[in-house]
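**Q** Please find my_file-v5.txt (compact mmCIF, C-alpha atoms) on the next line:
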# COMPACT_ATOMS: atom_id res chain seq x y z
CA MET A 1 0.00 0.00 0.00
CA THR A 2 1.20 3.50 -0.88
CA MET A 3 1.93 5.60 2.18
CA LEU A 4 3.30 8.98 3.16
CA VAL A 5 5.59 8.55 6.16
CA LEU A 6 7.37 11.22 8.22
CA LYS A 7 10.02 10.07 10.67
CA GLY A 8 11.82 12.29 13.16
CA ILE A 9 11.10 15.53 11.29
CA VAL A 10 12.52 18.61 13.02
CA LYS A 11 12.58 22.17 11.67
CA THR A 12 13.62 25.21 13.71
CA PHE A 13 12.97 28.87 12.90
CA GLY A 14 14.39 31.10 15.64
CA ASN A 15 12.57 30.21 18.86
CA PHE A 16 10.03 27.95 17.10
CA THR A 17 10.60 24.25 16.47
CA LEU A 18 8.33 21.95 14.49
CA ARG A 19 8.43 18.23 15.33
CA ALA A 20 6.75 15.30 13.62
CA ASP A 21 8.18 12.25 15.36
CA PHE A 22 6.22 9.68 13.35
CA LEU A 23 3.33 10.12 10.95
CA GLU A 24 2.04 7.40 8.64
CA ILE A 25 -0.77 8.24 6.21
CA PRO A 26 -2.05 5.54 3.81
CA SER A 27 -3.28 6.20 0.27
CA GLY A 28 -6.79 7.59 -0.02
CA ARG A 29 -6.79 9.05 3.47
CA ILE A 30 -8.21 12.54 4.00
CA VAL A 31 -6.58 14.24 6.99
CA CYS A 32 -7.64 17.55 8.53
CA VAL A 33 -4.74 19.55 9.99
CA LYS A 34 -5.85 21.70 12.91
CA GLY A 35 -4.27 23.88 15.54
CA PRO A 36 -3.94 27.49 16.66
CA ASN A 37 -2.26 30.16 14.56
CA GLY A 38 1.50 29.82 14.63
CA SER A 39 1.44 26.14 15.58
CA GLY A 40 3.29 25.02 12.44
CA LYS A 41 0.48 23.83 10.16
CA SER A 42 1.69 25.63 7.03
CA THR A 43 5.31 24.74 7.78
CA LEU A 44 4.40 21.07 7.93
CA LEU A 45 2.71 21.25 4.52
CA ASN A 46 5.69 23.12 3.09
CA ILE A 47 8.04 20.40 4.33
CA ILE A 48 5.90 17.67 2.77
CA ALA A 49 5.75 19.63 -0.50
CA GLY A 50 9.52 20.08 -0.52
CA ILE A 51 9.35 23.87 -0.32
CA VAL A 52 11.03 23.82 3.10
CA LEU A 53 13.72 21.26 3.97
CA PRO A 54 13.77 19.76 7.48
CA ASP A 55 16.80 20.14 9.71
CA SER A 56 16.62 16.42 10.43
CA GLY A 57 14.38 13.44 9.81
CA LYS A 58 13.11 11.63 6.73
CA ILE A 59 10.06 11.69 4.44
CA PHE A 60 9.07 8.56 2.54
CA TYR A 61 6.49 8.17 -0.18
CA ASN A 62 5.68 4.72 -1.51
CA GLY A 63 8.74 3.44 0.34
CA ILE A 64 11.10 5.91 -1.38
CA ASP A 65 13.08 8.55 0.54
CA ILE A 66 11.95 11.91 -0.89
CA THR A 67 13.33 14.12 1.89
CA TYR A 68 15.49 16.15 -0.50
CA LEU A 69 13.57 15.57 -3.72
CA GLU A 70 12.71 18.76 -5.60
CA PRO A 71 9.08 19.94 -5.25
CA GLU A 72 8.36 19.64 -8.99
CA LYS A 73 9.40 15.98 -8.94
CA ARG A 74 7.15 15.13 -5.98
CA ARG A 75 3.96 16.30 -7.73
CA PHE A 76 2.36 17.18 -4.38
CA PRO A 77 0.36 20.30 -5.35
CA ILE A 78 -0.19 22.79 -2.55
CA ILE A 79 -3.30 24.95 -2.64
CA ARG A 80 -3.56 28.06 -0.52
CA SER A 81 -6.10 30.82 -0.88
CA GLU A 82 -5.56 32.74 -4.14
CA LYS A 83 -1.87 31.99 -4.54
CA GLY A 84 -0.67 29.99 -7.50
CA ILE A 85 -3.25 31.26 -9.98
CA PHE A 86 -1.93 32.95 -13.14
CA PRO A 87 -4.30 35.95 -13.36
CA HIS A 88 -3.56 36.78 -17.02
CA MET A 89 -4.44 33.25 -18.18
CA SER A 90 -7.86 31.75 -18.79
CA VAL A 91 -9.33 29.27 -16.32
CA GLU A 92 -8.79 26.51 -18.89
CA ARG A 93 -5.12 27.38 -19.37
CA ASN A 94 -4.56 27.55 -15.61
CA ILE A 95 -5.96 24.06 -15.21
CA LYS A 96 -4.29 22.43 -18.21
CA ILE A 97 -0.83 23.79 -17.43
CA ALA A 98 -0.30 20.83 -15.07
CA LYS A 99 -2.53 18.30 -16.83
CA ARG A 100 -1.49 14.64 -16.58
CA VAL A 101 -4.91 13.00 -16.95
CA ASP A 102 -6.81 12.25 -20.14
CA ASP A 103 -9.65 14.44 -21.34
CA ASN A 104 -12.36 12.15 -19.97
CA GLU A 105 -10.83 12.26 -16.50
CA LEU A 106 -10.38 16.03 -16.70
CA ASN A 107 -14.03 16.44 -17.64
CA ARG A 108 -14.98 14.35 -14.62
CA ILE A 109 -12.89 16.59 -12.35
CA LEU A 110 -14.45 19.73 -13.83
CA ASP A 111 -17.93 18.27 -13.33
CA LEU A 112 -17.15 17.46 -9.68
CA LEU A 113 -16.02 21.05 -9.13
CA LYS A 114 -18.97 22.55 -11.06
CA ILE A 115 -16.72 24.22 -13.64
CA ASN A 116 -18.49 24.42 -17.01
CA HIS A 117 -17.42 25.38 -20.53
CA ASP A 118 -18.29 29.06 -20.10
CA ASP A 119 -16.26 29.20 -16.89
CA LEU A 120 -13.19 27.84 -18.70
CA GLU A 121 -13.09 30.89 -20.95
CA LYS A 122 -12.98 33.41 -18.09
CA ARG A 123 -9.77 35.23 -17.18
CA ALA A 124 -8.55 33.84 -13.87
CA GLY A 125 -7.70 37.26 -12.47
CA SER A 126 -11.36 38.29 -12.63
CA LEU A 127 -12.54 35.48 -10.36
CA SER A 128 -13.56 35.61 -6.71
CA THR A 129 -11.39 33.96 -4.07
CA GLY A 130 -13.72 30.96 -3.87
CA TRP A 131 -13.59 30.47 -7.62
CA LYS A 132 -9.80 30.69 -7.64
CA ILE A 133 -9.73 27.91 -5.06
CA ARG A 134 -11.88 25.77 -7.34
CA VAL A 135 -9.51 26.39 -10.25
CA SER A 136 -6.52 25.52 -8.06
CA LEU A 137 -8.24 22.30 -6.96
CA ALA A 138 -8.99 21.38 -10.57
CA ARG A 139 -5.38 21.98 -11.60
CA GLY A 140 -4.07 20.02 -8.62
CA LEU A 141 -6.30 17.02 -9.34
CA ALA A 142 -5.55 17.22 -13.08
CA SER A 143 -1.87 16.71 -12.28
CA ALA A 144 -2.72 13.17 -11.08
CA PRO A 145 -1.12 13.75 -7.66
CA GLY A 146 -0.22 11.17 -5.07
CA VAL A 147 -0.62 13.78 -2.33
CA ILE A 148 -2.57 17.05 -2.37
CA LEU A 149 -1.97 19.74 0.27
CA ILE A 150 -4.65 22.35 0.97
CA ASP A 151 -3.65 25.24 3.23
CA GLU A 152 -6.95 26.78 4.40
CA GLY A 153 -8.18 26.94 0.80
CA LEU A 154 -11.47 25.21 1.58
CA ASP A 155 -12.21 27.79 4.27
CA HIS A 156 -12.88 30.30 1.46
CA LEU A 157 -15.57 28.22 -0.28
CA ASP A 158 -19.22 29.20 0.03
CA PRO A 159 -21.37 27.05 2.38
CA TRP A 160 -23.62 25.96 -0.52
CA TYR A 161 -20.55 24.72 -2.41
CA ILE A 162 -19.35 22.74 0.59
CA GLU A 163 -22.82 21.22 0.81
CA CYS A 164 -23.23 20.32 -2.87
CA CYS A 165 -19.72 19.37 -3.98
CA LEU A 166 -17.23 18.62 -1.23
CA LYS A 167 -18.52 15.14 -0.35
CA ASN A 168 -18.17 14.04 -3.98
CA LEU A 169 -14.72 15.59 -4.21
CA MET A 170 -13.55 13.70 -1.12
CA SER A 171 -14.98 10.46 -2.54
CA TYR A 172 -13.06 11.05 -5.75
CA MET A 173 -9.77 11.47 -3.89
CA ARG A 174 -10.38 8.31 -1.89
CA GLU A 175 -11.21 6.42 -5.10
CA LYS A 176 -7.98 7.57 -6.74
CA GLY A 177 -5.89 6.84 -3.65
CA ILE A 178 -4.89 10.49 -3.23
CA ILE A 179 -3.61 11.44 0.21
CA ALA A 180 -5.02 14.83 1.22
CA LEU A 181 -3.81 17.01 4.08
CA ILE A 182 -6.19 19.90 4.64
CA VAL A 183 -5.39 22.79 6.98
CA THR A 184 -8.80 24.03 8.01
CA HIS A 185 -10.82 25.65 10.77
CA ARG A 186 -14.02 24.05 9.50
CA ASP A 187 -15.78 21.07 11.08
CA ASP A 188 -17.77 20.02 7.99
CA ILE A 189 -14.97 18.84 5.69
CA GLY A 190 -15.54 15.12 6.27
CA CYS A 191 -11.95 14.09 6.95
CA ASP A 192 -11.00 10.57 8.03
CA GLU A 193 -8.62 11.71 10.75
CA THR A 194 -7.30 14.88 12.35
CA LEU A 195 -3.66 15.86 12.62
CA VAL A 196 -3.34 18.18 15.60
CA MET A 197 -0.58 20.80 15.76
CA ILE A 198 0.18 22.26 19.19
CA ASN A 199 3.29 24.42 19.72
CA GLY A 200 4.96 22.82 16.72
CA LEU A 201 4.30 19.22 17.74
CA ALA A 202 2.31 17.17 15.21
CA SER A 203 0.22 14.23 16.43
CA LEU A 204 -2.28 12.18 14.43
CA GLU A 205 -5.52 11.29 16.17
CA THR A 206 -6.24 7.61 15.76
CA LYS A 207 -9.99 7.94 16.22
CA ARG A 208 -11.70 8.63 12.90
CA ASN A 209 -14.06 11.55 12.53
CA THR A 210 -17.74 10.90 11.86
How does this structure look as structure tokens?
**A**
Amino acid sequence: MTMLVLKGIVKTFGNFTLRADFLEIPSGRIVCVKGPNGSGKSTLLNIIAGIVLPDSGKIFYNGIDITYLEPEKRRFPIIRSEKGIFPHMSVERNIKIAKRVDDNELNRILDLLKINHDDLEKRAGSLSTGWKIRVSLARGLASAPGVILIDEGLDHLDPWYIECCLKNLMSYMREKGIIALIVTHRDDIGCDETLVMINGLASLETKRNT
């Protein structure tokens, strides 16, 4: 079984130290990441994405040590608010720039996210924050990722969109075996487990959410 494993991860910035002694997340698992501001949630996602290198410890994906692998070779898209959208490009171009799935699969992703043909022609810079999140999610899923990292992005979606679409989106990721780590303050995401960050220490709750 494909897994994301963190062992003995330590990263220090000044007086703050992040620690993830041992985390093991199987394929298809949706994990909410929660904790107070400044507890290290974004730093943890950046380390998994390869944007920030740990001072010590190892990261394994599918049994392979990826601790120092470049971010572009990991294909772990990270989605955070409006960042990462190319405002001068169309929605379609933003999504297809990372496309690794066939057209049928892409159409399925767009349908899950309620992005239609007219939406694809819009300029990304003209979109609301919630819409930019949807475009980022579509691009991330179109890259056929093994892991997707969402840094509070879902917190910007409208309640009706959470109600109508998020359950199907989570089911899709489980079906495809995508590991998702979602930094969120919401309680209606439908995650399988919660990763709690307190003062830089990461611990995975073993009891599944309902």
**Q** So, counting only C-alpha atoms, which residue among A:Lys99, A:Lys7, A:Lys132, A:Arg80 is closest to Asp65 (chain A)?
**A**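 Looking only at the distances to Asp65 (chain A), the closest residue turns out to be A:Lys7.
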**Q** Check the smallest atom-to-atom distance from each of A:Ile9, A:Leu53, A:Leu113, A:Leu141 to Ala98 (chain A) using only C-alpha atoms, then report the winner.
**A** A:Leu141
**Q** To one decimal place in Å, what is the distance between CA of Gly40 (chain A) and CA of Gly140 (chain A)?
**A**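 Separating CA of Gly40 (chain A) from CA of Gly140 (chain A) is a distance of 22.9 Å.
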**Q** Using all atoms listed in the file, which protein or nucleic acid residues come within 8 Å of Ala49 (chain A)? Drop anything in the same chain fewer than 5 positions from it, and give the result as a list in words.
**A**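 Counting only the stated atoms, we get Pro71, Arg74, Phe76, Pro77, Ile78 and Leu149 of chain A.
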**Q** Which residues are close to region 174-178 of chain A, i.e. within 10 Å by all atoms listed in the file, leaving aside same-chain residues fewer than 5 positions away? Reply as a PyMOL selection string.
**A** chain A and resi 1-3+26-30+76+141+144-148+168-169
